[in-house]
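What follows is a short report on a single structure.
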Amino acid sequence: LYYWLHIGIPCTGWASMNQVNGGSRTQENPEGIGFLERERGANMQALYVVEICLALHAVGAFFSIENPVPSHFWICACFQNLKRMLDNHLYIVTFDQCAFKLMLPGAGPFEFCRKTTRIWTNLSELSRLERRCAGCCDFHQHVHAVGNVTIAGVRHSRAAAAGRYPVDLCQALVDLSLIHISEPTSQAETSYAVFVFARNHSTTPDSHLRIIAPS
């Protein structure tokens, strides 16, 4: 069997808004100084994710991990260890989500959220996700994932909305994984299942794990 686990790490304890909200992480000390519960929890999460990725890689399975480019997640000690251990088996991919049509609540028809994002993976096909914004024009403007917007009496967080993958990105992830999985190697059988763990369009924990398999 082939296995692929995609992990979208919650940004709460890692990304720039953590610093805005009194976080203690810095470039010199990405783990923080340990006085915030959300940072301690995020540090434990990072250790767990690295453990999972190493276990998957050891048996010939695949993983991908996603977080915004500015996140301190990428420079914490356990992830630097993962990078050293995987060496040339690790692929680092950067893309702007506006290229996959990420839109926020209340945005106009040509307003997109850039959200420059990074993925670490041992699945080489995902390198094809690399895609950067060509720049703003009349048909492509950027909006920032900050603040809230009220639509039909309901308040929406732009930051929370930016954490949901656009449909085009979800489709690209699945399509690229299937390119590899449809070409069996000596490490695996021809039958397969793809396990995808992502923060896509759901808020219930059970629906975060999806199994995708061909008929």
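Residues are named by chain letter and number: chains run A, B, ... in the order of the structure tokens, numbers start at 1 in each chain, and ligands are numbered from 1 in the order shown.
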
Q.
To test your reading of the structure, identify every residue in stretch 22-206 of chain A that backbone DSSP assigns to alpha helix (DSSP H), and report it as a ChimeraX atom specification.
A. /A:37-58,77-86,158-162,167-181

Can I get the selected residues back with C-alpha atoms, as a PDB file, in the first residue's frame?
```
ATOM      1  CA  GLU A  37       0.373  27.593  27.063  1.00  0.00           C
ATOM      2  CA  ARG A  38      -0.383  27.913  23.342  1.00  0.00           C
ATOM      3  CA  GLU A  39       3.342  27.974  22.537  1.00  0.00           C
ATOM      4  CA  ARG A  40       4.119  24.999  24.791  1.00  0.00           C
ATOM      5  CA  GLY A  41       1.293  23.044  23.169  1.00  0.00           C
ATOM      6  CA  ALA A  42       2.496  23.979  19.683  1.00  0.00           C
ATOM      7  CA  ASN A  43       6.048  22.865  20.544  1.00  0.00           C
ATOM      8  CA  MET A  44       4.761  19.449  21.625  1.00  0.00           C
ATOM      9  CA  GLN A  45       2.730  19.280  18.428  1.00  0.00           C
ATOM     10  CA  ALA A  46       5.835  19.957  16.339  1.00  0.00           C
ATOM     11  CA  LEU A  47       7.732  17.118  18.045  1.00  0.00           C
ATOM     12  CA  TYR A  48       4.818  14.772  17.390  1.00  0.00           C
ATOM     13  CA  VAL A  49       4.603  15.773  13.723  1.00  0.00           C
ATOM     14  CA  VAL A  50       8.329  15.141  13.209  1.00  0.00           C
ATOM     15  CA  GLU A  51       7.986  11.735  14.846  1.00  0.00           C
ATOM     16  CA  ILE A  52       5.098  10.845  12.510  1.00  0.00           C
ATOM     17  CA  CYS A  53       6.971  12.038   9.406  1.00  0.00           C
ATOM     18  CA  LEU A  54      10.087  10.045  10.242  1.00  0.00           C
ATOM     19  CA  ALA A  55       7.988   6.939  10.868  1.00  0.00           C
ATOM     20  CA  LEU A  56       6.209   7.331   7.534  1.00  0.00           C
ATOM     21  CA  HIS A  57       9.446   7.926   5.646  1.00  0.00           C
ATOM     22  CA  ALA A  58      11.066   4.879   7.266  1.00  0.00           C
ATOM     23  CA  ALA A  77      15.027  22.628  16.401  1.00  0.00           C
ATOM     24  CA  CYS A  78      12.986  19.487  15.737  1.00  0.00           C
ATOM     25  CA  PHE A  79      12.201  20.552  12.180  1.00  0.00           C
ATOM     26  CA  GLN A  80      15.790  21.431  11.481  1.00  0.00           C
ATOM     27  CA  ASN A  81      16.633  17.903  12.661  1.00  0.00           C
ATOM     28  CA  LEU A  82      14.029  16.499  10.265  1.00  0.00           C
ATOM     29  CA  LYS A  83      15.613  18.470   7.443  1.00  0.00           C
ATOM     30  CA  ARG A  84      19.079  17.110   8.242  1.00  0.00           C
ATOM     31  CA  MET A  85      17.871  13.527   8.581  1.00  0.00           C
ATOM     32  CA  LEU A  86      15.970  13.477   5.293  1.00  0.00           C
ATOM     33  CA  ARG A 158     -10.563  36.662   7.828  1.00  0.00           C
ATOM     34  CA  ALA A 159      -7.609  34.878   9.470  1.00  0.00           C
ATOM     35  CA  ALA A 160      -9.694  31.759  10.103  1.00  0.00           C
ATOM     36  CA  ALA A 161     -11.005  31.843   6.530  1.00  0.00           C
ATOM     37  CA  ALA A 162      -7.440  32.044   5.191  1.00  0.00           C
ATOM     38  CA  VAL A 167     -10.690  24.143  -3.846  1.00  0.00           C
ATOM     39  CA  ASP A 168      -8.012  24.559  -6.534  1.00  0.00           C
ATOM     40  CA  LEU A 169      -5.261  23.811  -4.010  1.00  0.00           C
ATOM     41  CA  CYS A 170      -7.081  20.752  -2.663  1.00  0.00           C
ATOM     42  CA  GLN A 171      -7.493  19.431  -6.189  1.00  0.00           C
ATOM     43  CA  ALA A 172      -3.849  20.072  -7.030  1.00  0.00           C
ATOM     44  CA  LEU A 173      -2.690  18.186  -3.920  1.00  0.00           C
ATOM     45  CA  VAL A 174      -4.779  15.145  -4.802  1.00  0.00           C
ATOM     46  CA  ASP A 175      -3.938  15.210  -8.519  1.00  0.00           C
ATOM     47  CA  LEU A 176      -0.181  15.440  -7.909  1.00  0.00           C
ATOM     48  CA  SER A 177      -0.201  12.671  -5.322  1.00  0.00           C
ATOM     49  CA  LEU A 178      -2.055  10.394  -7.729  1.00  0.00           C
ATOM     50  CA  ILE A 179       0.625  10.927 -10.399  1.00  0.00           C
ATOM     51  CA  HIS A 180       3.115   9.218  -8.112  1.00  0.00           C
ATOM     52  CA  ILE A 181       0.733   6.631  -6.754  1.00  0.00           C
TER      53      ILE A 181
END
```

Q. Skipping near chain neighbours, those fewer than 6 positions away, what residues fall within 8 Å of A:Phe110 using only C-alpha atoms, listed as number ranges by chain?
A. A: 138-141

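Here atom CA of A:Val20 stands at a distance of 22.4 Å from atom CA of A:Gln97.
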
Q) A:Cys98: which residues within 10 Å, counting only C-alpha atoms, same-chain residues fewer than 4 positions away excluded, as a PyMOL selection string? A) chain A and resi 102-103+111-116+131-134+140-143+166+169

Using the selection just defined, write its residues with C-alpha atoms as an mmCIF file, in the first residue's frame.
```cif
data_model
loop_
_atom_site.group_PDB
_atom_site.id
_atom_site.type_symbol
_atom_site.label_atom_id
_atom_site.label_comp_id
_atom_site.auth_asym_id
_atom_site.auth_seq_id
_atom_site.Cartn_x
_atom_site.Cartn_y
_atom_site.Cartn_z
ATOM 1 C CA LEU A 102 -7.864 31.792 -2.094
ATOM 2 C CA MET A 103 -10.679 34.236 -1.341
ATOM 3 C CA GLU A 111 -9.828 40.026 -4.656
ATOM 4 C CA PHE A 112 -7.625 37.203 -3.400
ATOM 5 C CA CYS A 113 -5.479 36.466 -0.349
ATOM 6 C CA ARG A 114 -1.835 35.977 -1.273
ATOM 7 C CA LYS A 115 -0.828 33.987 1.864
ATOM 8 C CA THR A 116 2.626 32.776 0.870
ATOM 9 C CA ARG A 131 3.590 28.889 -7.987
ATOM 10 C CA ARG A 132 4.135 32.593 -7.310
ATOM 11 C CA CYS A 133 1.857 35.550 -7.845
ATOM 12 C CA ALA A 134 2.537 37.380 -11.103
ATOM 13 C CA HIS A 140 -6.192 40.299 -9.509
ATOM 14 C CA GLN A 141 -6.030 42.320 -6.291
ATOM 15 C CA HIS A 142 -4.819 41.291 -2.837
ATOM 16 C CA VAL A 143 -6.648 41.505 0.492
ATOM 17 C CA PRO A 166 -9.150 26.828 -1.691
ATOM 18 C CA LEU A 169 -5.261 23.811 -4.010
#
```

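Here the question is which of A:Trp14, A:Tyr165, A:Phe63, A:Pro109 gets nearest to A:Cys76 using only C-alpha atoms, and that residue is A:Trp14.
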
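The space between atom CA of A:Asn88 and atom CA of A:Ser64 spans 15.0 Å.
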